[in-house]
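Taking it in order: structure first as structure tokens, then the write-up.
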Amino acid sequence: SEPSEPSEPSEPSEPGEPETDPVLVSIAVSGDFKTEYEVGEEFDSTGIIVTASYDKGEPKDVSAEASFSGFDSSVAVEEQVITVSFGGK
């Protein structure tokens, strides 16, 4: 029997051109997560969903591979910006 065709049509490529890996375009943060902390509390990323969007294919949940920076609970503040990073974004 002959190999079956893929169910999703793929992007046509130039003859002789190698297929390229998907390129990360952006990341987005969603979910139900902790937003209020007491002084001295540790950052808790539970519930944060980080989704990576690529130039090809479906978005992917990359929460386990994402990194978080900028959290400081040593002093009380009204607002704090936490940076979420994945794949250079």
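Letters for chains follow the order of the structure tokens (A, B, ...), residue numbers begin at 1 for each chain, and ligand numbers begin at 1 in the order shown.
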
May I have the residues within 10 Å of Val75 of chain A as a list in words, using only C-alpha atoms and disregarding those fewer than 5 positions away in the same chain?
Glu38, Val39 and Gly40 of chain A

Would you save the residues of that selection, restricted to N, CA and C atoms, as a PDB file, in the first residue's frame?
ATOM      1  N   GLU A  38       2.079  38.703  49.914  1.00  0.00           N
ATOM      2  CA  GLU A  38       2.510  39.361  51.146  1.00  0.00           C
ATOM      3  C   GLU A  38       4.015  39.586  51.061  1.00  0.00           C
ATOM      4  N   VAL A  39       4.520  40.555  51.807  1.00  0.00           N
ATOM      5  CA  VAL A  39       5.960  40.791  51.869  1.00  0.00           C
ATOM      6  C   VAL A  39       6.651  39.503  52.304  1.00  0.00           C
ATOM      7  N   GLY A  40       7.698  39.120  51.575  1.00  0.00           N
ATOM      8  CA  GLY A  40       8.464  37.915  51.894  1.00  0.00           C
ATOM      9  C   GLY A  40       7.976  36.640  51.240  1.00  0.00           C
TER      10      GLY A  40
END

Just the residues within 12 Å of Tyr37 of chain A, please, counting only C-alpha atoms, with nothing from its chain fewer than 6 positions along; format it as number ranges by chain.
A: 43-44, 71-80

Those residues with C-alpha atoms, as a compact mmCIF listing (two decimals), in the first residue's frame please?
# COMPACT_ATOMS: atom_id res chain seq x y z
CA PHE A 43 6.57 33.82 43.54
CA ASP A 44 4.10 31.08 42.56
CA PHE A 71 9.50 39.46 41.15
CA ASP A 72 10.56 41.07 44.43
CA SER A 73 8.50 40.63 47.57
CA SER A 74 11.05 42.23 49.90
CA VAL A 75 9.01 45.46 50.08
CA ALA A 76 5.30 46.27 49.72
CA VAL A 77 4.33 47.81 46.37
CA GLU A 78 1.01 48.54 44.65
CA GLU A 79 2.05 47.02 41.32
CA GLN A 80 4.95 45.00 39.96

What does the distance between atom CA of Glu65 of chain A and atom CA of Thr20 of chain A come to in Å, to one decimal place?
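Here the two named atoms are 22.1 Å from each other.
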
Two-atom distance - atom CA of Phe68 of chain A, atom CA of Ala52 of chain A (Å)
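Computing it gives 14.8 Å between the two atoms.
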
Rank A:Gly70, A:Leu24, A:Gly31, A:Val81 by their smallest atom-to-atom distance to Val50 of chain A, using only C-alpha atoms, and report the top residue only.
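Selected residue with least distance to Val50 of chain A: A:Gly31.
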
Residues near Asp21 of chain A, cut-off 10 Å, only C-alpha atoms, skip fewer than 6 positions along chain, as a ChimeraX atom specification:
/A:54-56

Selection from above, all heavy atoms, as a PDB file, in the first residue's frame, can you write it?
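Below is the file that was written, part-v8.pdb:
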ATOM      1  N   TYR A  54       3.789  30.327  16.630  1.00  0.00           N
ATOM      2  CA  TYR A  54       4.832  30.177  15.623  1.00  0.00           C
ATOM      3  C   TYR A  54       4.325  30.621  14.267  1.00  0.00           C
ATOM      4  O   TYR A  54       3.120  30.748  14.054  1.00  0.00           O
ATOM      5  CB  TYR A  54       5.267  28.703  15.557  1.00  0.00           C
ATOM      6  CG  TYR A  54       5.916  28.228  16.831  1.00  0.00           C
ATOM      7  CD1 TYR A  54       5.153  27.679  17.861  1.00  0.00           C
ATOM      8  CD2 TYR A  54       7.286  28.321  17.013  1.00  0.00           C
ATOM      9  CE1 TYR A  54       5.745  27.251  19.043  1.00  0.00           C
ATOM     10  CE2 TYR A  54       7.890  27.892  18.192  1.00  0.00           C
ATOM     11  CZ  TYR A  54       7.114  27.352  19.198  1.00  0.00           C
ATOM     12  OH  TYR A  54       7.695  26.940  20.359  1.00  0.00           O
ATOM     13  N   ASP A  55       5.255  30.833  13.335  1.00  0.00           N
ATOM     14  CA  ASP A  55       4.857  31.242  11.987  1.00  0.00           C
ATOM     15  C   ASP A  55       4.177  30.111  11.223  1.00  0.00           C
ATOM     16  O   ASP A  55       3.511  30.350  10.229  1.00  0.00           O
ATOM     17  CB  ASP A  55       6.042  31.812  11.200  1.00  0.00           C
ATOM     18  CG  ASP A  55       7.141  30.793  10.932  1.00  0.00           C
ATOM     19  OD1 ASP A  55       7.179  29.736  11.602  1.00  0.00           O
ATOM     20  OD2 ASP A  55       7.989  31.060  10.058  1.00  0.00           O
ATOM     21  N   LYS A  56       4.339  28.878  11.690  1.00  0.00           N
ATOM     22  CA  LYS A  56       3.684  27.708  11.075  1.00  0.00           C
ATOM     23  C   LYS A  56       3.080  26.863  12.188  1.00  0.00           C
ATOM     24  O   LYS A  56       3.658  26.751  13.257  1.00  0.00           O
ATOM     25  CB  LYS A  56       4.676  26.809  10.348  1.00  0.00           C
ATOM     26  CG  LYS A  56       5.475  27.426   9.268  1.00  0.00           C
ATOM     27  CD  LYS A  56       6.344  26.349   8.637  1.00  0.00           C
ATOM     28  CE  LYS A  56       7.727  26.869   8.406  1.00  0.00           C
ATOM     29  NZ  LYS A  56       8.614  25.896   7.819  1.00  0.00           N
TER      30      LYS A  56
END

Distance criterion (only C-alpha atoms): nearest to Ile27 of chain A out of A:Gly87, A:Thr46, A:Ala64, A:Ile82:
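Closest residue, counting only C-alpha atoms: A:Gly87.
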
DSSP strand (DSSP E or B) residues within chain A, listed as a VMD selection string
chain A and resid 24 to 31 48 to 54 60 to 61 67 to 69 83 to 85

Pairwise distance, atom CA of Val25 of chain A with atom CA of Ala66 of chain A, equals 14.9 Å

Minimum-distance residue to Phe86 of chain A, chosen among A:Thr35, A:Pro59, A:Ser26, A:Pro18 (using only C-alpha atoms):
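Closest candidate: A:Ser26.
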
Near-Asp32 of chain A list (9 Å; only C-alpha atoms; drop same-chain fewer than 6 positions) as a PyMOL selection string
chain A and resi 46-49
